[in-house]
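Q: This structure is in C-alpha cells; I'll ask about it shortly.
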Amino acid sequence: MSTIRTEPVTINLGPQHPSTHGVFRLRVTFDGEEIIDVEPVFGYLHRGTEKLAESRNYVQIVTLTDRMDYVASMSNNLAYVRTVEKLADIDVPERAQYIRVISVELQRIASHLMATGFLLNDLGALATPLVYCFRERERILDLFEMLCGARITLSYMRPGGVFQDAPADFWNSLNVLISDFPNYLDELESLITTNEIVLARTIGVGLLSDTQAVDSGVSGPVLRAASVKWDLRKANPYEIYDRVNFDIPIGNSGDTYDRYYVRLQEMRESIKIISQCIEQIEPGPVRTETPFFIRPPVGETYSSVEGPKGELGFYMVSDGGISPYRCKVRAPSFINLTPLKDMLTGWKMGDLIIILGSIDIVLGEVDR
Amino acid sequence: MYGLGLFKGLGITMKNLVSPSRQFNIVQYPNRRASPFDLAKVDNQNPISFIATHPIKTLRSLIGLETLVDRMPQHANFRGEEFAWYDRRCTGCASCAKYCPLGIIKIVTGTSGVNQQEGQSYDIDVFDIDIGRCMFCGLCVEACPYDALHMGSGFEEGKYRRSDLVINVDQLKAAEKKPSTWFRPQLTDRGHDPIKGSTADWDQVGRHEKPSLEDQGERWAKR
C-alpha cells in the first residue's frame with residue numbers, strides 16, 4: 001500500500017476577517033495543520049498620511065496623527081508635537097508636560113485594555129473578558145471627553161503645550177479612576193492569569209527570543225516580553241518621566257503569555273505614574289504662545305516616544321516653509337510585524353490567531 | 001487542579017452581574033421607560049395626585065408604554081455638530097476657513113448691502129460648512145478671534161443626501177444656539193452647559209464682559 005499523496009495548501013486569512021484586527025491579509029501555507037510559510041499582505045488601509053502632511057501646516061497635521069493608531073491617539077499627538085517642538089525649538093510649560101504625561105498614560109491603559117480584551121477574544125473567550133475591558137476603557141474615554149471634547153480622535157496637543165487646561169471636575173474623576181483601577185486589574189488577573197485554558201493555549205506559544213527580537217527591530221511590550229529591558233521612558237527620559245518612579249516589567253521567555261502579562265503589569269505602572277503626577281502638578285500656563293503658521297528653521301530631526309505599541313517616532317524635514325518637506329513615521333505596529341514569520345512557522349492553525357493578537361497591531365498605523 | 005479556574009471565573013462573572021459598582025453604564029437611548037414618578041415630575045405634580053388624576057397614563061407607564069426622551073450624559077466640553085454661529089459677532093475675516101485642515105468652510109463677503117450686519121459696511125453672503133466632510137477637530141473654533149463660531153453639542157445629524165449636509169448661512173442663523181464650552185473657558189465660568197439645555201445669545205458668549213452703560217459713559221468722558 002502506497003502512502004497518501006500530500007501537498008501544502010495556501011489559505012488567505014483576511015483581508016475581511018474579524019481576528020486580523022483590521023484589513024490585514026495573511027497568505028498562509030499549511031502542511032496539514034502546521035504553518036510552513038507566511039506572507040503578510042497589507043496596504044488596504046493606506047491613506048497617505050505622510051504625503052498629506054506635506055500639504056498641511058504644522059498645527060493641522062495634529063488631526064492627521066489621530067487617525068494613525070486610532071486606539072491610542074494621544075500617544076501619536078505627543079510623538080508628533082514633540083518632533084515639531086524639537087524642530088522649531090519651542091518650550092513647553094511644566095503644567096502642560098504633566099497633563100501630557102497623565103493623558104498619555106491613560107491612553108496607554110486604554111490601549112493595553114483593548115489589546116488584552118481582543119487577545120482573549122481571539123483565544124475563544126468570546127465577549128466576557130472583552131466587555132469587562134471595554135467597560136473600564138469607557139471610563140478613560142469619558143475622561144478624555146472632559147479633557148478635549150472627543151473620545152477617539154482627540155487632537156488634544158498642540159506644538160507648545162495642550163490647547164486647554166483640564167476642567168475642574170476632571171481631577172475628581174481621575175482620582176476615582178486611579179483609586180479603584182488596581183482592584184479591577186486584580187479581578188481581571190484572577191479571571192485570566194491563572195486560568196488553565198489560557199495557560200495551556202499561551203505558554204510557550206509563539207516564542208520570540210531576545211536576539212531575534214533585537215535583530216528584527218521590534219519595540220514595546222513585544223520586546224520587553226522577550227526579556228530585553230528597553231523602555232524609552234527610562235532610556236531617554238522625555239517630558240517629566242525622569243521625575244517619577246516606575247519599573248519596567250519584563251517577561252521571561254518571550255511567549256504569548258509573557259506579552260499579555262507584560263501589558264497587564266504596565267497598566268499598574270501607568271497608574272503609579274499618574275498618581276505621582278497628580279501629586280507633583282502645580283498650577284500654571286498650559287500653552288506657549290505660538291503662531292498658527294509655524295516656520296521652523298531649515299533642518300531635519302527625529303524624535304520618538306514610547307507609545308503603547310512600541311517606539312513611535314517622527315522624522316521631519318523642514319525647508320523653512322509652513323508645511324514640512326517630508327514627514328516619515330516610524331510606526332511600531334508595522335515594525336513589530338517583522339518577526340511574524342519566525343513566530344508563526346511550525347505552529348498550528350489555531351495558534352496563528354492568538355500569536356497575531358498578542359503582537360497588538362492596529363492597521364491604521366501599519367498602513368498609515 | 002484542573003477546573004478550578006472555571007469556578008473562579010464563574011464567581012467573577014457572578015460578582016460582576018450583581019455588584020452595583022461593576023455595572024455597565026447603559027443609557028436607554030433615545031427613549032427611556034418612564035415610571036409614574038418621572039411623569040409626575042415632568043407635569044410638576046405630586047406623584048399621588050398624578051396617579052389619582054391620570055389613571056390611564058399610570059397604567060400605561062407601569063406596563064412600559066410611556067417613554068421619555070433623554071439626552072446622552074456628556075460633558076459640556078463635547079465638541080459636536082450644529083455649529084453655533086453668531087452673525088452679529090462675525091466679521092467675515094475667514095480665519096476659520098484658513099485654519100480648516102480640509103478647507104470645507106466657504107465664506108463670500110460683498111458690498112451689495114443685502115445681508116449687511118449692524119455697524120458694518122459689507123455683508124456675509126455665503127457661510128457654508130460641509131459637515132459631511134468635517135472631522136470636528138475644532139481648529140476653526142480655536143481660530144475665531146471674535147468668538148463668533150463655536151462647536152455645537154449635538155450628534156444626530158443623519159441626512160439622506162450629501163448635499164443636505166452642507167449647512168448654509170440661513171440654517172446657521174436660524175439654528176438653536178447651544179454652543180459647546182470647548183475652547184471657550186468664559187462659557188464654563190458663566191455656568192453654561194449645553195448638554196443640560198442652556199442656550200446662549202450673541203452677547204453672552206464673548207471672552208470680554210459686556211461693558212455697562214455707566215462704564216461706557218466713563219470711557220467716553222475720559223477720552
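For the C-alpha cells, the naming scheme is as follows: chains receive sequential letters (A, B, ...) according to their order of presentation, residues are indexed from 1 within each chain, and ligands are indexed from 1 in presentation order.
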Select, as a PyMOL selection string, those residues of chain B with any atom no more than 6 Å from chain A (distances computed using only C-alpha atoms).
A: chain B and resi 5+9+75+77-79+101
Q: Taking the DSSP secondary structure from the backbone, can you list the residues of stretch 46-243 of chain A that are strand (DSSP E), as a list of chain:residue names?
A: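 The strand (DSSP E) residues within stretch 46-243 of chain A come out as A:Met157, A:Arg158, A:Gly161, A:Val162.
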Q: So the first atom is atom CA of B:Arg60 and the second is atom CA of B:Leu39; what is the distance between them in Å, to one decimal place?
A: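 Computing the Euclidean distance for atom CA of B:Arg60 and atom CA of B:Leu39 yields 11.1 Å.
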Q: A:Phe314: which residues within 10 Å, counting only C-alpha atoms, same-chain residues fewer than 5 positions away excluded, as a PyMOL selection string?
A: chain A and resi 76+79-84+301-305+327-331
Q: Mind checking DSSP for stretch 41-75 of chain A and telling me the helix (DSSP H, G or I) residues as number ranges by chain?
A: A: 49-53, 61-65, 73-75
Q: Using only C-alpha atoms, determine which residues lie at most 9 Å from stretch 296-299 of chain A, disregarding the query and same-chain residues fewer than 6 positions distant; provide the list as a ChimeraX atom specification.
A: /A:84,87-89,316-322,324
Q: Leaving out B:Ser198 and any residue of its chain fewer than 2 positions from it, which residues lie within 12 Å of it when counting only C-alpha atoms, given as a ChimeraX atom specification?
A: /B:76,153,176-181,187-188,190-196,200-201,204
Q: Create the file for the chosen residues now, containing N, CA and C atoms and written as an mmCIF file, in the first residue's frame.
A:
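New file selection.cif:
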data_model
loop_
_atom_site.group_PDB
_atom_site.id
_atom_site.type_symbol
_atom_site.label_atom_id
_atom_site.label_comp_id
_atom_site.auth_asym_id
_atom_site.auth_seq_id
_atom_site.Cartn_x
_atom_site.Cartn_y
_atom_site.Cartn_z
ATOM 1 N N ALA B 76 -19.833 69.069 29.085
ATOM 2 C CA ALA B 76 -20.132 70.293 28.326
ATOM 3 C C ALA B 76 -19.057 70.596 27.300
ATOM 4 N N SER B 153 -23.345 71.012 20.212
ATOM 5 C CA SER B 153 -23.397 69.954 21.208
ATOM 6 C C SER B 153 -24.198 68.752 20.734
ATOM 7 N N GLU B 176 -30.711 76.653 16.646
ATOM 8 C CA GLU B 176 -30.756 76.902 18.080
ATOM 9 C C GLU B 176 -29.322 77.015 18.595
ATOM 10 N N LYS B 177 -29.033 78.033 19.356
ATOM 11 C CA LYS B 177 -27.647 78.298 19.744
ATOM 12 C C LYS B 177 -27.316 77.592 21.048
ATOM 13 N N LYS B 178 -26.709 76.412 20.910
ATOM 14 C CA LYS B 178 -26.255 75.697 22.100
ATOM 15 C C LYS B 178 -24.758 75.468 21.983
ATOM 16 N N PRO B 179 -23.954 76.497 22.178
ATOM 17 C CA PRO B 179 -22.512 76.336 21.951
ATOM 18 C C PRO B 179 -21.866 75.435 22.996
ATOM 19 N N SER B 180 -20.924 74.625 22.515
ATOM 20 C CA SER B 180 -20.124 73.809 23.431
ATOM 21 C C SER B 180 -19.140 74.700 24.163
ATOM 22 N N THR B 181 -18.742 74.284 25.360
ATOM 23 C CA THR B 181 -17.764 75.092 26.098
ATOM 24 C C THR B 181 -16.341 74.765 25.675
ATOM 25 N N LEU B 187 -17.423 80.532 28.807
ATOM 26 C CA LEU B 187 -18.743 79.913 28.939
ATOM 27 C C LEU B 187 -18.788 79.002 30.159
ATOM 28 N N THR B 188 -17.694 78.291 30.423
ATOM 29 C CA THR B 188 -17.640 77.461 31.626
ATOM 30 C C THR B 188 -17.742 78.323 32.870
ATOM 31 N N ARG B 190 -19.246 81.087 33.185
ATOM 32 C CA ARG B 190 -20.606 81.617 33.365
ATOM 33 C C ARG B 190 -21.622 80.507 33.619
ATOM 34 N N GLY B 191 -21.146 79.265 33.813
ATOM 35 C CA GLY B 191 -22.050 78.176 34.159
ATOM 36 C C GLY B 191 -22.904 77.684 33.010
ATOM 37 N N HIS B 192 -22.421 77.874 31.783
ATOM 38 C CA HIS B 192 -23.197 77.428 30.630
ATOM 39 C C HIS B 192 -22.969 75.936 30.414
ATOM 40 N N ASP B 193 -24.050 75.172 30.231
ATOM 41 C CA ASP B 193 -23.913 73.737 29.958
ATOM 42 C C ASP B 193 -24.904 73.339 28.867
ATOM 43 N N PRO B 194 -24.435 73.201 27.623
ATOM 44 C CA PRO B 194 -25.374 72.913 26.530
ATOM 45 C C PRO B 194 -26.052 71.553 26.677
ATOM 46 N N ILE B 195 -25.400 70.618 27.364
ATOM 47 C CA ILE B 195 -25.984 69.286 27.497
ATOM 48 C C ILE B 195 -27.243 69.366 28.349
ATOM 49 N N LYS B 196 -27.259 70.291 29.310
ATOM 50 C CA LYS B 196 -28.460 70.454 30.142
ATOM 51 C C LYS B 196 -29.470 71.376 29.485
ATOM 52 N N ALA B 200 -27.254 80.231 24.591
ATOM 53 C CA ALA B 200 -26.513 81.466 24.832
ATOM 54 C C ALA B 200 -26.735 82.394 23.654
ATOM 55 N N ASP B 201 -27.049 83.642 23.974
ATOM 56 C CA ASP B 201 -27.248 84.626 22.917
ATOM 57 C C ASP B 201 -25.895 85.243 22.541
ATOM 58 N N GLN B 204 -23.679 86.946 25.095
ATOM 59 C CA GLN B 204 -23.277 86.196 26.285
ATOM 60 C C GLN B 204 -22.066 85.300 26.051
#
Q: For atom CA of A:Glu50 and atom CA of A:Arg326, determine how far apart the two atoms are, in Å to one decimal place.
A: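 For atom CA of A:Glu50 relative to atom CA of A:Arg326, the distance reads 7.5 Å.
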Q: Would you pick out the contacts of A:Leu119 at 10 Å or less, using only C-alpha atoms, so that residues sharing its chain but fewer than 6 positions from it are not included, and give the list as a ChimeraX atom specification?
A: /A:19,113,125,129-130,256,260,353-360
Q: Between A:Leu363, A:Ala96, A:Val162, A:Ile90, which is the closest to A:Gly43 once you count only C-alpha atoms?
A: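 Of A:Leu363, A:Ala96, A:Val162, A:Ile90, the one nearest A:Gly43, counting only C-alpha atoms, is A:Leu363.
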Q: Which residue, A:Gly310, A:Asn121, A:Val41, A:Ser2, has the smallest gap to A:Leu232 when you use only C-alpha atoms?
A: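 Residue with the minimum atom-to-atom distance to A:Leu232: A:Gly310.
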Q: Show me, as a PyMOL selection string, the residues that have an atom within 8 Å of B:Trp202 when counting only C-alpha atoms, minus same-chain residues fewer than 5 positions from it.
A: chain B and resi 86+88-89+148
Q: Calculated over only C-alpha atoms, which of the candidates B:Val169, B:Ala84, B:Leu4, B:Ile26 has the smallest distance to B:Ile107?
A: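 Closest candidate: B:Val169.
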